[in-house]
>>> print(open('my_file-v9.txt').read())   # compact mmCIF, C-alpha atoms
# COMPACT_ATOMS: atom_id res chain seq x y z
CA MET A 36 74.04 -4.33 -106.85
CA VAL A 37 75.06 -1.77 -104.24
CA MET A 38 71.75 0.09 -104.54
CA ALA A 39 69.95 -3.17 -104.03
CA GLN A 40 71.91 -3.78 -100.84
CA ILE A 41 71.28 -0.22 -99.56
CA THR A 42 67.55 -0.50 -100.27
CA GLN A 43 67.44 -3.82 -98.50
CA ALA A 44 69.24 -2.33 -95.48
CA LEU A 45 66.95 0.68 -95.30
CA ALA A 46 63.95 -1.56 -95.53
CA GLY A 47 65.23 -3.52 -92.55
CA ILE A 48 65.78 -0.37 -90.55
CA ALA A 49 62.26 0.90 -91.31
CA LEU A 50 60.65 -2.38 -90.41
CA THR A 51 62.37 -2.73 -87.02
CA PRO A 52 60.72 0.24 -85.22
CA LEU A 53 57.31 -0.51 -86.76
CA SER A 54 57.44 -4.04 -85.44
CA GLY A 55 58.40 -2.73 -81.96
CA HIS A 56 55.56 -0.18 -82.02
CA ARG A 57 53.04 -2.88 -82.86
CA GLN A 58 54.29 -4.97 -79.96
CA SER A 59 54.06 -1.93 -77.62
CA VAL A 60 50.49 -1.19 -78.74
CA SER A 61 49.60 -4.81 -78.17
CA ARG A 62 51.08 -4.73 -74.67
CA THR A 63 49.16 -1.48 -73.86
CA ARG A 64 45.92 -3.00 -75.06
CA ASN A 65 46.53 -6.07 -72.95
CA ALA A 66 47.30 -3.92 -69.89
CA SER A 67 44.14 -1.80 -70.42
CA SER A 68 42.09 -4.94 -70.78
CA ALA A 69 43.59 -6.31 -67.56
CA ARG A 70 42.88 -3.04 -65.74
CA ARG A 71 39.29 -3.05 -66.98
CA SER A 72 38.96 -6.62 -65.83
CA VAL A 73 40.33 -5.75 -62.38
CA THR A 74 38.13 -2.65 -62.18
CA CYS A 75 35.01 -4.60 -63.12
CA LYS A 76 35.90 -7.29 -60.61
CA ALA A 77 36.44 -4.70 -57.87
CA ALA A 78 33.17 -2.95 -58.73
CA LYS A 79 31.36 -6.27 -58.65
CA GLU A 80 32.89 -7.12 -55.27
CA GLU A 81 31.98 -3.66 -53.94
CA ASN A 82 28.38 -4.04 -55.13
CA GLU A 83 28.24 -7.42 -53.47
CA ALA A 84 29.61 -5.97 -50.23
CA VAL A 85 27.04 -3.16 -50.29
CA LYS A 86 24.30 -5.68 -50.93
CA ASN A 87 25.50 -7.83 -48.02
CA ARG A 88 25.76 -4.78 -45.76
CA THR A 89 22.23 -3.72 -46.65
CA ASN A 90 20.93 -7.21 -45.93
CA ASN A 91 22.75 -7.23 -42.59
CA GLN A 92 21.31 -3.83 -41.69
CA LYS A 93 17.84 -5.06 -42.50
CA ALA A 94 18.40 -8.13 -40.36
CA LEU A 95 19.66 -5.99 -37.45
CA ALA A 96 16.69 -3.65 -37.81
CA GLY A 97 14.41 -6.65 -37.62
CA VAL A 98 16.13 -7.84 -34.44
CA ASP A 99 15.86 -4.35 -32.88
CA GLY A 100 12.16 -4.25 -33.72
CA ALA A 101 11.60 -7.65 -32.17
CA ILE A 102 13.43 -6.58 -29.00
CA ARG A 103 11.35 -3.38 -28.73
CA ASN A 104 8.12 -5.29 -29.19
CA ALA A 105 9.13 -7.85 -26.57
CA ARG A 106 10.09 -5.07 -24.15
CA ASP A 107 6.79 -3.24 -24.69
CA ASP A 108 4.82 -6.45 -24.22
CA LEU A 109 6.70 -7.18 -21.00
CA GLY A 110 6.05 -3.65 -19.72
CA LYS A 111 2.35 -3.89 -20.49
CA SER A 112 2.18 -7.27 -18.80
CA ILE A 113 3.85 -5.93 -15.65
CA MET A 114 1.74 -2.75 -15.52
CA LYS A 115 -1.44 -4.76 -15.98
CA ASN A 116 -0.80 -6.38 -12.60
CA PHE A 117 -0.81 -2.92 -11.00
CA ASP A 118 -4.00 -1.64 -12.65
CA GLY A 119 -6.09 -2.22 -9.54
CA PRO A 120 -3.84 -0.49 -6.99
CA LEU A 121 -3.06 2.38 -9.38
CA LYS A 122 -6.74 3.06 -10.00
CA MET A 123 -7.32 3.14 -6.24
CA LEU A 124 -4.66 5.82 -5.95
CA GLY A 125 -6.09 7.78 -8.85
CA ILE A 126 -3.19 6.88 -11.13
CA GLY A 127 -3.69 5.47 -14.58
CA LYS A 128 -4.48 6.30 -18.18
CA LYS A 129 -5.58 9.83 -18.85
CA ASN A 130 -9.29 10.31 -19.27
CA PRO A 131 -10.26 13.25 -21.51
CA ASN A 132 -13.23 13.87 -19.19
CA GLN A 133 -11.16 13.62 -16.03
CA LYS A 134 -10.92 16.74 -13.86
CA LYS A 135 -7.69 18.69 -13.80
CA THR A 136 -5.30 17.94 -10.96
CA GLY A 137 -2.25 19.48 -9.35
CA LEU A 138 -1.02 22.87 -10.52
CA ALA A 139 -3.44 23.02 -13.47
CA GLN A 140 -6.39 22.52 -11.12
CA TRP A 141 -5.09 25.07 -8.62
CA GLU A 142 -4.55 27.68 -11.34
CA GLU A 143 -8.17 27.28 -12.41
CA GLN A 144 -9.35 27.55 -8.79
CA ARG A 145 -7.12 30.57 -8.18
CA MET A 146 -8.65 32.45 -11.11
CA TYR A 147 -12.11 31.72 -9.70
CA LEU A 148 -11.08 32.88 -6.20
CA LEU A 149 -9.51 36.10 -7.49
CA ALA A 150 -12.83 36.97 -9.09
CA ASN A 151 -15.14 35.88 -6.28
CA THR A 152 -13.54 36.36 -2.87
CA LYS A 153 -11.26 38.64 -0.89
CA SER A 154 -8.72 38.31 1.91
CA VAL A 155 -9.12 40.03 5.26
CA SER A 156 -6.93 40.61 8.33
CA ALA A 157 -7.54 39.21 11.81
CA SER A 158 -8.93 42.56 13.02
CA GLU A 159 -11.39 42.60 10.10
CA VAL A 160 -12.50 39.08 11.04
CA LYS A 161 -13.51 40.38 14.48
CA ASP A 162 -15.64 43.07 12.85
CA LEU A 163 -17.27 40.54 10.50
CA MET A 164 -18.05 38.18 13.38
CA GLU A 165 -19.87 41.04 15.11
CA LYS A 166 -21.96 41.39 11.93
CA GLY A 167 -23.00 37.73 12.12
CA TYR A 168 -20.34 36.08 9.95
CA VAL A 169 -19.30 32.58 10.98
CA PHE A 170 -15.58 32.06 11.60
CA LEU A 171 -14.87 28.63 10.09
CA ASP A 172 -11.75 26.61 10.99
CA VAL A 173 -11.23 23.95 8.29
CA ARG A 174 -8.34 22.04 9.87
CA PRO A 175 -8.79 18.35 10.83
CA ARG A 176 -10.95 17.71 13.89
CA ASP A 177 -8.08 16.83 16.27
CA GLU A 178 -6.26 20.09 15.45
CA PHE A 179 -9.46 22.09 15.88
CA GLU A 180 -10.19 20.54 19.27
CA ALA A 181 -6.61 21.02 20.45
CA PHE A 182 -6.68 24.80 19.94
CA ARG A 183 -8.69 27.26 17.86
CA PRO A 184 -9.68 30.93 17.72
CA ALA A 185 -12.29 31.81 20.31
CA GLY A 186 -15.74 31.56 18.75
CA ALA A 187 -14.63 29.62 15.67
CA ARG A 188 -16.63 26.68 14.35
CA GLY A 189 -15.03 23.56 12.90
CA ALA A 190 -15.65 21.74 9.61
CA ALA A 191 -12.67 19.77 8.36
CA LEU A 192 -11.93 19.99 4.65
CA TYR A 193 -9.67 16.96 5.09
CA GLN A 194 -9.93 14.37 7.83
CA ASN A 195 -7.46 11.95 9.33
CA ILE A 196 -7.55 8.51 7.71
CA GLU A 197 -9.00 6.16 10.30
CA GLY A 198 -10.46 3.43 8.08
CA ALA A 199 -8.66 0.27 6.99
CA SER A 200 -9.81 -0.28 3.41
CA VAL A 201 -7.23 -1.21 0.79
CA LYS A 202 -7.30 2.31 -0.65
CA GLN A 203 -6.99 3.92 2.78
CA ASN A 204 -4.09 1.67 3.78
CA LEU A 205 -2.29 2.51 0.54
CA ARG A 206 -2.80 6.22 1.14
CA LYS A 207 -1.57 5.86 4.72
CA THR A 208 1.58 4.14 3.50
CA LEU A 209 2.30 6.82 0.89
CA PHE A 210 1.76 9.66 3.38
CA MET A 211 3.91 8.03 6.05
CA MET A 212 6.72 7.45 3.53
CA GLN A 213 6.79 11.26 3.16
CA ALA A 214 6.56 11.82 6.93
CA VAL A 215 3.16 13.50 6.47
CA LYS A 216 0.03 12.93 8.52
CA PRO A 217 -2.32 10.63 6.54
CA ILE A 218 -5.46 12.54 5.53
CA GLU A 219 -8.29 12.17 3.04
CA GLU A 220 -11.07 14.39 1.76
CA ASN A 221 -14.00 14.80 4.13
CA PRO A 222 -17.07 13.65 2.15
CA GLU A 223 -19.42 15.48 4.52
CA PHE A 224 -17.62 18.83 4.44
CA LEU A 225 -20.25 20.81 2.52
CA GLU A 226 -23.13 19.41 4.57
CA GLN A 227 -21.30 20.32 7.78
CA VAL A 228 -20.69 23.85 6.50
CA LYS A 229 -24.38 24.26 5.60
CA ALA A 230 -25.38 23.22 9.11
CA LEU A 231 -22.90 25.62 10.74
CA VAL A 232 -23.57 28.63 8.53
CA GLY A 233 -27.36 28.46 8.53
CA LYS A 234 -28.73 31.89 7.58
CA ALA A 235 -25.52 33.79 8.31
CA PRO A 236 -24.64 36.52 5.78
CA GLY A 237 -21.25 35.00 5.15
CA VAL A 238 -18.33 32.98 6.43
CA VAL A 239 -14.69 33.74 7.18
CA VAL A 240 -12.48 30.72 6.48
CA GLY A 241 -9.15 30.03 8.14
CA CYS A 242 -6.56 27.25 8.28
CA GLY A 243 -3.04 27.01 9.66
CA ALA A 244 -0.92 29.12 7.31
CA GLY A 245 -3.57 30.69 5.10
CA GLY A 246 -1.95 30.54 1.68
CA THR A 247 -2.51 33.24 -0.93
CA THR A 248 -3.97 33.79 -4.38
CA LYS A 249 -1.47 36.57 -5.09
CA SER A 250 1.40 35.97 -7.48
CA THR A 251 4.87 36.57 -6.04
CA THR A 252 8.44 36.15 -7.30
CA ASN A 253 8.87 32.88 -5.44
CA PHE A 254 5.30 31.70 -5.99
CA PRO A 255 4.06 32.96 -9.37
CA SER A 256 0.85 30.92 -8.96
CA GLY A 257 0.27 31.90 -5.35
CA GLN A 258 0.12 29.27 -2.61
CA PRO A 259 -2.83 26.91 -2.25
CA SER A 260 -4.10 26.18 1.25
CA ARG A 261 -6.96 24.36 2.93
CA SER A 262 -8.83 27.60 3.58
CA LEU A 263 -8.61 28.73 -0.06
CA LEU A 264 -9.67 25.32 -1.37
CA ALA A 265 -12.54 25.29 1.14
CA ILE A 266 -13.72 28.72 -0.05
CA TYR A 267 -13.63 27.52 -3.64
CA ARG A 268 -15.89 24.60 -2.79
CA ILE A 269 -18.24 26.68 -0.64
CA LEU A 270 -18.75 29.34 -3.31
CA SER A 271 -18.77 27.10 -6.38
CA GLU A 272 -21.35 24.83 -4.73
CA GLY A 273 -23.50 27.77 -3.62
CA VAL A 274 -23.36 26.83 0.06
CA CYS A 275 -23.02 30.42 1.27
CA PRO A 276 -23.48 33.80 -0.48
CA GLU A 277 -20.12 35.13 0.70
CA ALA A 278 -16.89 33.51 1.90
CA VAL A 279 -13.74 35.47 2.71
CA HIS A 280 -10.18 34.39 3.43
CA LEU A 281 -8.11 35.07 6.57
CA ILE A 282 -4.71 36.47 5.55
CA GLY A 283 -1.87 34.56 7.19
CA GLY A 284 -4.21 31.90 8.53
CA LEU A 285 -4.81 31.22 12.20
CA ASN A 286 -1.16 32.04 12.90
CA SER A 287 -1.94 35.70 12.19
CA TRP A 288 -4.95 35.59 14.53
CA PHE A 289 -2.84 34.51 17.48
CA ARG A 290 0.14 36.70 16.56
CA GLU A 291 -2.15 39.73 16.80
CA GLY A 292 -3.08 38.68 20.33
CA TYR A 293 -6.63 37.46 19.82
CA GLU A 294 -7.98 34.80 22.13
CA GLY A 295 -8.03 31.08 21.57
CA GLU A 296 -9.69 28.14 23.22
CA GLY A 297 -9.26 24.37 23.38
CA MET A 298 -7.40 21.65 25.21
CA ALA A 299 -3.86 22.73 24.31
CA ASN A 300 -1.90 25.45 26.04
CA HIS A 301 -2.10 28.83 24.27
CA ARG A 302 1.68 28.96 23.88
CA THR A 303 1.75 25.75 21.84
CA ALA A 304 -0.74 26.98 19.27
CA HIS A 305 1.27 29.69 17.53
CA ASP A 306 2.59 27.50 14.73
CA LEU A 307 -0.44 26.08 12.96
CA SER A 308 1.10 25.64 9.51
CA ASP A 309 -0.77 23.43 7.08
CA ARG A 310 0.38 19.83 7.30
>>> encode(input="my_file-v9.txt", output="structure tokens")
Amino acid sequence: MVMAQITQALAGIALTPLSGHRQSVSRTRNASSARRSVTCKAAKEENEAVKNRTNNQKALAGVDGAIRNARDDLGKSIMKNFDGPLKMLGIGKKNPNQKKTGLAQWEEQRMYLLANTKSVSASEVKDLMEKGYVFLDVRPRDEFEAFRPAGARGAALYQNIEGASVKQNLRKTLFMMQAVKPIEENPEFLEQVKALVGKAPGVVVGCGAGGTTKSTTNFPSGQPSRSLLAIYRILSEGVCPEAVHLIGGLNSWFREGYEGEGMANHRTAHDLSDR
């Protein structure tokens, strides 16, 4: 009887913790399931957010593209209205066959001049003139007539703009905006040089400042001038067998005390810098 009671008591004691363990395991499983459910839900929401963000980015990219296209179309439309004036000024789309301009053109001309001409002093010009060389002043006609070296002949590389065409008026405006005398290329320059040189053995070319083909610290590509550009054209076009450059331009001629002639007073002709 007593053993039966003890056995029954022990059985109750053994069953109590087992029942609690089962309940604990059940609660753990339920908690894990809940966590998995929450995790899956969060992952799903995150994926949805990423998807929405991607769609929004695509939409924004589309808007940006539309804005760029509209801006480009507007720019093209505006520039189209200026095609005529820009072409008159020599501005527009690059042409692969178009001649070089600016520094690139000058560098090419400088290389040619270094190989085909030389620079001489004012005293050397006097000696060359005695040998039959023509002293050519390539400044505009009004500057030449105002004052020039004695015995010099005039053929303007550039002439003052006196016409009133649309292109000429535009050029005048641009020059005046920079406070520079409006000039344009003289289309008859080479023909005038041919007539002046005739059968002379060569020509000495001078302008206001002279320029130089020599490279210096301040001017690694030299300094272009009207006289140097004129020599390039004269030699490259075969107008004269020899053309030499006056160092320092006409300023050097007068500084060394050589005579001048013209309508202006001698004292006003000592600063003939290229303009």
>>> closest_residue(input="my_file-v9.txt", among="A:Ala185, A:Met146, A:Ala235, A:Val173", to="A:Trp288", atoms="all atoms listed in the file")
A:Ala185
>>> residues_around(input="my_file-v9.txt", residues="stretch 269-271 of chain A", least_positions_apart="4", cutoff="12 Å", atoms="all atoms listed in the file", output="PyMOL selection string")
chain A and resi 144+147-148+150-152+171+173+190+192+224-229+232+237-240+262-265+275-280
>>> closest_residue(input="my_file-v9.txt", among="A:Val215, A:Cys242, A:Val169, A:Gln203", to="A:Asn286", atoms="all atoms listed in the file")
A:Cys242
>>> closest_residue(input="my_file-v9.txt", among="A:Leu209, A:Ala157, A:Leu231, A:Ile218", to="A:Gly292", atoms="only C-alpha atoms")
A:Ala157
>>> residues_near_point(input="my_file-v9.txt", point="(-7.2, 15.8, 6.3)", cutoff="9 Å", atoms="only C-alpha atoms", output="count of residues only")
16
>>> closest_residue(input="my_file-v9.txt", among="A:Gly284, A:Gly273, A:Gly257, A:Gly233", to="A:Gly245", atoms="all atoms listed in the file")
A:Gly284
>>> closest_residue(input="my_file-v9.txt", among="A:Lys202, A:Lys234, A:Arg183, A:Lys249", to="A:Leu285", atoms="all atoms listed in the file")
A:Arg183
>>> residues_around(input="my_file-v9.txt", residues="A:Phe170", least_positions_apart="6", cutoff="9 Å", atoms="only C-alpha atoms", output="number ranges by chain")
A: 160, 163-164, 184, 186-189, 238-241
